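Student: Structure file data31.cif (mmCIF, C-alpha atoms and all ligand atoms) is given on the next line.
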```cif
data_input
#
loop_
_atom_site.label_atom_id
_atom_site.label_comp_id
_atom_site.auth_asym_id
_atom_site.auth_seq_id
_atom_site.Cartn_x
_atom_site.Cartn_y
_atom_site.Cartn_z
CA MET A 263 34.96 -3.61 25.05
CA GLY A 264 32.11 -5.94 26.04
CA LEU A 265 30.47 -3.16 28.04
CA ALA A 266 30.87 -0.66 25.16
CA LEU A 267 29.18 -3.14 22.79
CA LEU A 268 26.37 -3.78 25.27
CA ILE A 269 25.69 -0.04 25.55
CA LEU A 270 25.86 0.40 21.76
CA ILE A 271 23.47 -2.51 21.01
CA TRP A 272 21.00 -1.43 23.70
CA LEU A 273 21.10 2.21 22.55
CA ILE A 274 20.47 1.33 18.87
CA SER A 275 17.61 -1.01 19.88
CA LEU A 276 15.94 1.46 22.24
CA ILE A 277 16.29 4.47 19.90
CA SER A 278 14.84 2.57 16.91
CA THR A 279 12.00 1.26 19.12
CA TYR A 280 11.28 4.83 20.21
CA PHE A 281 10.57 5.93 16.61
CA PHE A 282 8.01 3.14 16.19
CA VAL A 283 6.31 3.81 19.52
CA ALA A 284 6.27 7.60 18.98
CA LYS A 285 4.85 7.04 15.44
CA THR A 286 7.17 9.71 14.05
CA TRP A 287 6.96 8.43 10.48
CA TRP A 288 3.52 6.91 10.58
CA LEU A 289 0.88 6.81 7.86
CA PRO A 290 -1.48 9.81 7.63
CA ALA A 291 -4.94 9.52 9.24
CA GLY A 292 -7.01 6.79 7.55
CA ALA A 293 -9.90 7.96 5.33
CA SER A 294 -11.40 4.74 4.00
CA ALA A 295 -13.70 2.00 5.30
CA ALA A 296 -10.88 -0.57 5.54
CA ALA A 297 -8.41 1.83 7.20
CA ALA A 298 -9.18 0.80 10.80
CA TRP A 299 -8.80 -2.89 9.95
CA ILE A 300 -5.53 -2.33 8.06
CA ASP A 301 -4.13 -0.12 10.83
CA HIS A 302 -5.04 -2.75 13.42
CA GLN A 303 -3.19 -5.35 11.38
CA PHE A 304 -0.13 -3.06 11.10
CA ALA A 305 -0.18 -2.35 14.83
CA LEU A 306 -0.48 -6.04 15.73
CA THR A 307 2.52 -6.91 13.53
CA PHE A 308 4.61 -4.05 14.93
CA VAL A 309 3.80 -4.85 18.56
CA LEU A 310 4.54 -8.58 18.23
CA MET A 311 7.70 -8.03 16.18
CA GLY A 312 8.73 -5.17 18.47
CA ILE A 313 8.57 -7.38 21.58
CA ILE A 314 10.62 -10.10 19.86
CA PHE A 315 13.10 -7.55 18.46
CA LEU A 316 13.65 -5.93 21.85
CA ALA A 317 13.98 -9.25 23.71
CA ALA A 318 16.50 -10.55 21.14
CA GLN A 319 18.61 -7.37 20.99
CA LEU A 320 18.66 -6.76 24.75
CA GLY A 321 19.59 -10.44 25.23
CA LEU A 322 22.33 -10.14 22.61
CA GLY A 323 23.82 -7.08 24.34
CA TYR A 324 23.77 -8.86 27.70
CA ILE A 325 25.49 -11.99 26.36
CA VAL A 326 28.16 -9.96 24.53
CA TRP A 327 29.00 -8.28 27.84
CA ARG A 328 28.58 -11.32 30.12
CA TYR A 329 30.79 -13.63 28.06
CA SER A 330 33.33 -11.11 26.73
CA ASP A 331 36.95 -12.21 27.00
CA ARG A 332 38.28 -11.23 30.44
CA PRO A 333 39.98 -13.17 33.22
CA SER A 334 36.87 -13.28 35.44
CA ALA A 335 34.46 -14.36 32.65
CA PRO A 336 32.89 -17.81 33.17
CA PRO A 337 34.17 -20.47 30.77
CA VAL A 338 31.87 -21.08 27.80
CA PRO A 339 31.07 -24.77 27.38
CA TYR A 340 31.14 -26.18 23.85
CA SER A 341 27.61 -26.86 22.70
CA HIS A 342 26.13 -29.12 20.05
CA GLY A 343 22.93 -27.13 20.15
CA ASN A 344 19.59 -28.09 21.61
CA THR A 345 17.21 -29.86 19.25
CA LYS A 346 14.15 -29.30 21.45
CA LEU A 347 14.79 -25.55 21.60
CA GLU A 348 15.40 -25.35 17.85
CA VAL A 349 12.15 -27.19 17.10
CA ALA A 350 10.30 -24.95 19.58
CA TRP A 351 11.44 -21.60 18.17
CA THR A 352 11.08 -22.72 14.55
CA THR A 353 7.49 -23.83 15.26
CA LEU A 354 6.68 -20.62 17.13
CA THR A 355 8.13 -18.49 14.32
CA ALA A 356 6.16 -20.47 11.72
CA ILE A 357 2.89 -20.06 13.68
CA LEU A 358 3.53 -16.32 14.03
CA PHE A 359 4.36 -15.71 10.36
CA ILE A 360 1.66 -17.95 8.90
CA GLY A 361 -0.90 -16.53 11.36
CA LEU A 362 -0.09 -12.91 10.46
CA THR A 363 -0.13 -13.77 6.74
CA LEU A 364 -3.57 -15.38 7.01
CA MET A 365 -4.96 -12.45 9.01
CA GLY A 366 -3.46 -9.89 6.58
CA GLY A 367 -4.70 -11.94 3.62
CA ASN A 368 -8.26 -11.53 4.92
CA VAL A 369 -7.97 -7.75 4.81
CA TRP A 370 -6.57 -7.85 1.29
CA ALA A 371 -9.13 -10.39 0.06
CA SER A 372 -11.98 -8.17 1.28
CA GLN A 373 -10.83 -5.53 -1.25
CA ARG A 374 -9.65 -7.85 -3.99
CA TRP A 375 -11.62 -11.11 -4.22
CA GLU A 376 -14.94 -10.22 -2.66
CA PRO A 377 -17.11 -8.42 -5.22
CA PRO A 378 -17.77 -4.69 -4.74
CA GLU A 379 -21.12 -3.56 -3.34
CA ALA A 380 -23.91 -3.09 -5.86
CA GLY A 381 -23.99 0.37 -7.43
CA ALA A 382 -20.25 0.96 -6.97
CA VAL A 383 -18.70 3.89 -8.83
CA LYS A 384 -16.52 2.58 -11.64
CA VAL A 385 -13.12 4.18 -12.23
CA GLU A 386 -10.39 2.85 -14.45
CA VAL A 387 -6.83 3.83 -13.51
CA THR A 388 -4.12 3.74 -16.15
CA GLY A 389 -0.48 4.11 -15.20
CA MET A 390 2.14 5.16 -17.69
CA GLN A 391 5.62 6.62 -17.59
CA PHE A 392 5.11 9.00 -15.76
CA ALA A 393 1.48 9.88 -15.17
CA TRP A 394 -1.83 8.52 -13.94
CA TYR A 395 -5.06 8.77 -15.96
CA PHE A 396 -8.54 8.12 -14.62
CA ARG A 397 -11.46 7.04 -16.78
CA TYR A 398 -15.15 7.21 -15.87
CA PRO A 399 -17.55 5.19 -18.04
CA GLY A 400 -20.17 7.98 -18.24
CA PRO A 401 -23.98 7.68 -18.07
CA ASP A 402 -24.05 4.36 -19.98
CA GLY A 403 -21.96 2.76 -17.19
CA LYS A 404 -19.83 1.03 -19.83
CA TYR A 405 -16.19 1.65 -20.65
CA GLY A 406 -15.61 2.21 -24.35
CA ALA A 407 -13.18 -0.09 -26.12
CA THR A 408 -9.49 0.75 -26.07
CA ASN A 409 -6.86 -0.30 -28.54
CA PRO A 410 -3.12 -0.47 -27.80
CA LYS A 411 -2.41 0.84 -31.33
CA LEU A 412 -4.28 4.05 -30.51
CA ILE A 413 -2.23 4.78 -27.40
CA ASP A 414 -0.43 8.09 -27.72
CA PRO A 415 0.93 9.25 -24.34
CA SER A 416 1.89 12.67 -25.74
CA SER A 417 -1.76 13.46 -26.52
CA GLY A 418 -2.84 13.20 -22.86
CA GLY A 419 -6.41 12.30 -21.87
CA GLU A 420 -8.31 9.93 -24.14
CA GLY A 421 -5.42 9.35 -26.54
CA ALA A 422 -3.14 8.43 -23.66
CA VAL A 423 -5.33 5.48 -22.66
CA GLY A 424 -5.95 4.44 -26.29
CA LEU A 425 -9.71 5.07 -26.33
CA ASN A 426 -11.31 3.92 -29.57
CA PRO A 427 -13.59 6.76 -30.77
CA SER A 428 -15.46 4.48 -33.18
CA ASP A 429 -16.96 2.48 -30.29
CA PRO A 430 -20.32 4.06 -29.30
CA ALA A 431 -19.67 3.21 -25.61
CA SER A 432 -16.57 5.44 -25.70
CA LYS A 433 -18.55 8.59 -26.56
CA ASP A 434 -19.41 9.43 -22.95
CA ASP A 435 -16.18 8.18 -21.36
CA VAL A 436 -14.38 10.85 -19.37
CA VAL A 437 -10.60 10.69 -18.99
CA THR A 438 -8.92 12.99 -16.47
CA GLY A 439 -5.57 13.50 -14.81
CA THR A 440 -7.10 13.95 -11.34
CA MET A 441 -9.32 11.44 -9.57
CA TYR A 442 -12.61 12.53 -8.03
CA LEU A 443 -14.54 10.13 -5.80
CA PRO A 444 -17.84 10.53 -3.96
CA VAL A 445 -17.60 10.05 -0.20
CA ASN A 446 -19.11 6.91 1.41
CA ARG A 447 -19.65 5.18 -1.93
CA GLU A 448 -17.94 1.96 -2.88
CA VAL A 449 -15.47 2.47 -5.74
CA ASP A 450 -14.78 -0.33 -8.20
CA LEU A 451 -11.26 0.36 -9.45
CA SER A 452 -9.83 -1.25 -12.51
CA LEU A 453 -6.05 -0.91 -12.80
CA ARG A 454 -4.11 -0.99 -16.05
CA SER A 455 -0.66 -0.03 -17.23
CA ILE A 456 0.47 0.67 -20.76
CA ASP A 457 4.22 0.24 -20.33
CA VAL A 458 5.86 -1.08 -17.15
CA ILE A 459 4.59 -2.08 -13.69
CA HIS A 460 3.35 0.88 -11.66
CA SER A 461 1.67 0.86 -8.27
CA LEU A 462 -1.23 3.07 -7.25
CA PHE A 463 -0.54 4.12 -3.67
CA VAL A 464 -2.90 6.37 -1.71
CA PRO A 465 -1.58 6.29 1.87
CA SER A 466 -4.62 8.10 3.34
CA LEU A 467 -7.00 5.57 1.81
CA ARG A 468 -4.69 2.68 2.85
CA PHE A 469 -4.70 1.57 -0.75
CA LYS A 470 -1.80 0.11 -2.68
CA GLN A 471 -2.03 -2.08 -5.75
CA ASP A 472 0.23 -2.75 -8.72
CA ALA A 473 -0.90 -1.85 -12.24
CA VAL A 474 0.56 -4.49 -14.56
CA PRO A 475 0.77 -4.30 -18.38
CA GLY A 476 -1.67 -6.77 -19.96
CA LEU A 477 -3.76 -7.20 -16.79
CA ASP A 478 -6.99 -5.56 -15.71
CA ILE A 479 -6.81 -5.72 -11.91
CA HIS A 480 -9.97 -5.01 -9.93
CA MET A 481 -9.90 -3.70 -6.38
CA HIS A 482 -12.53 -1.85 -4.45
CA LEU A 483 -12.45 0.66 -1.64
CA LYS A 484 -14.74 3.11 0.10
CA PRO A 485 -13.48 6.60 0.99
CA THR A 486 -15.16 7.83 4.17
CA VAL A 487 -13.73 11.33 4.73
CA ILE A 488 -14.01 14.30 2.36
CA GLY A 489 -10.57 15.69 1.51
CA ASP A 490 -7.66 15.82 -0.92
CA TYR A 491 -5.27 12.89 -0.80
CA GLU A 492 -1.95 12.36 -2.46
CA ILE A 493 -1.35 9.53 -4.93
CA ALA A 494 2.17 8.19 -5.44
CA CYS A 495 3.57 5.52 -7.69
CA ALA A 496 5.01 2.88 -5.36
CA GLU A 497 6.86 0.87 -8.00
CA LEU A 498 10.22 2.10 -9.28
CA CYS A 499 9.17 2.55 -12.92
CA GLY A 500 11.91 4.61 -14.56
CA LEU A 501 13.76 7.90 -14.41
CA GLY A 502 10.64 10.00 -13.81
CA HIS A 503 9.23 7.69 -11.10
CA TYR A 504 9.71 10.35 -8.43
CA LYS A 505 7.31 12.75 -10.18
CA MET A 506 4.59 10.16 -10.93
CA HIS A 507 2.26 11.81 -8.54
CA GLY A 508 -1.45 12.68 -8.52
CA MET A 509 -4.37 13.69 -6.35
CA VAL A 510 -7.64 12.08 -5.25
CA HIS A 511 -10.36 14.53 -4.35
CA VAL A 512 -12.99 12.86 -2.17
CA VAL A 513 -16.09 15.06 -2.40
CA SER A 514 -19.82 14.90 -1.61
CA GLN A 515 -22.07 12.98 -4.01
CA GLU A 516 -23.51 16.31 -5.17
CA ASP A 517 -20.09 17.80 -5.96
CA PHE A 518 -19.06 14.59 -7.67
CA ASP A 519 -22.14 14.63 -9.92
CA LYS A 520 -21.50 18.29 -10.76
CA TRP A 521 -17.86 17.66 -11.55
CA LEU A 522 -18.63 14.66 -13.77
CA ALA A 523 -21.43 16.55 -15.58
CA ALA A 524 -19.00 19.43 -16.27
CA ARG A 525 -16.43 16.98 -17.74
CA GLU A 526 -19.18 15.42 -19.91
CA ALA A 527 -20.21 18.90 -21.09
CA GLU A 528 -16.62 19.69 -22.07
CA LYS A 529 -16.70 16.73 -24.44
CA GLN A 530 -19.63 18.05 -26.44
CU CU A 601 5.14 4.51 -11.98
#
```
Please re-express this file's structure in structure tokens.
Ligand SMILES: [Cu+2]
Tutor:
Amino acid sequence: MGLALLILIWLISLISTYFFVAKTWWLPAGASAAAAWIDHQFALTFVLMGIIFLAAQLGLGYIVWRYSDRPSAPPVPYSHGNTKLEVAWTTLTAILFIGLTLMGGNVWASQRWEPPEAGAVKVEVTGMQFAWYFRYPGPDGKYGATNPKLIDPSSGGEGAVGLNPSDPASKDDVVTGTMYLPVNREVDLSLRSIDVIHSLFVPSLRFKQDAVPGLDIHMHLKPTVIGDYEIACAELCGLGHYKMHGMVHVVSQEDFDKWLAAREAEKQ
């Protein structure tokens, strides 16, 4: 029985380690300025945790076999524990977890707390059950006022985000259901939600941030590769959560300007 358990524990540990090493279910190729940094942080965590996981599970399998109940097994002495060992592994675990948190916090802070580069493209993202809307402030660079009383999700577009048409700054605001971003330009995102908590998740851009009702959350990122990337909602937000899906099209500055000009023209 001890040998069967040893084989089972070792097999489960080695097979699950294989999937991490082979990167079978890994993130898609990174397409933003912070991607390399974030991937490095992921890899560091997985390698350190992987070594500890393997050592612990292989050790567990060995002990289960070595001390299983059979006539030839060595007697197991009663133990009160070892204070020195307990202090040592608690301290090591604390250093590891706090260290990784501080390092990961740096990556996050670079997108959250440090201000975006000057001249960043402003895009406001609004999450609602069950769609994403994207608002561009237009040539004046200013978002028009919104009013919760004007929110009408069934109207789509401007009505869905509650844009107030009587505010002059709202005249040139463009609201779309698909996000366009110019490549190699910093993007100043402003995240809102009109009902429950949603989370804007763009795996290729290594971006994930909650949109919370009542908050205007700023994050910035810089897409570096032209392409079409999938957006998902990463917060279970209701029955239609699974279909709360969208696309980011990262295009050249020229194509972006053309696209935005065409949306402005549609408003006239
Ligand atoms: Cu959602």
Student: Using only C-alpha atoms, pick whichever of A:Thr307, A:Thr355, A:Thr408, A:Gln391 has the shortest atom-to-atom distance to A:Val458.
Tutor: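 When distances to A:Val458 are compared using only C-alpha atoms, the smallest one comes from A:Gln391.
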Student: Please return as a list in words the residues found within 7 Å of ligand CU 601 (chain A), counting only C-alpha atoms and all ligand atoms.
Tutor: Gly389, Met390, Gln391, Phe392, Ile459, His460, Ser461, Cys495, Ala496, Glu497, Leu498, Cys499, His503 and Met506 of chain A
Student: Rank A:Leu265, A:Ala318, A:Val436, A:Leu443 by their smallest atom-to-atom distance to A:Arg332, using only C-alpha atoms, and report the top residue only.
Tutor: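 Going through A:Leu265, A:Ala318, A:Val436, A:Leu443 one by one, the smallest distance to A:Arg332 is for A:Leu265.
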Student: Smallest atom-to-atom distance to A:Met441: which of A:Asp402, A:Asp301, A:Glu386, A:Asp517, using all atoms listed in the file?
Tutor: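 Answer, going by the shortest atom-to-atom distance: A:Glu386.
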Student: Stretch 267-277 of chain A: which residues within 12 Å, counting all atoms listed in the file, same-chain residues fewer than 2 positions away excluded, as a list in words?
Tutor: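 Near neighbours after the sequence-gap exclusion: Met263, Gly264, Leu265, Thr279, Tyr280, Phe281, Phe282, Val283, Ala284, Gly312, Ile313, Ile314, Phe315, Leu316, Ala317, Ala318, Gln319, Leu320, Gly321, Leu322, Gly323, Tyr324, Ile325, Val326, Trp327, Arg328, Tyr329 and Ser330 of chain A.
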Student: Rounded to one decimal in Å, what is the spacing between atom CA of A:Val474 and atom CA of A:Ser432?
Tutor: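 These two atoms are separated by 22.7 Å.
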Student: Separation of atom CA of A:Met481 and atom CA of A:Ile413, in Å?
Tutor: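 Answer for the atom CA of A:Met481 to atom CA of A:Ile413 separation: 23.9 Å.
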Student: Calculated over all atoms listed in the file, which of the candidates A:Pro444, A:Trp521, A:Leu354, A:Ala393 has the smallest distance to A:Ser416?
Tutor: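 Ranked by minimum distance to A:Ser416, first place goes to A:Ala393.
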Student: For A:Val385, work out the shell of residues within 8 Å, counting only C-alpha atoms and skipping chain neighbours fewer than 4 positions away, then give it as a list in words.
Tutor: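 Listing them by chain and then by number gives Phe396, Arg397, Tyr398, Pro399, Val449, Asp450, Leu451 and Ser452 of chain A.
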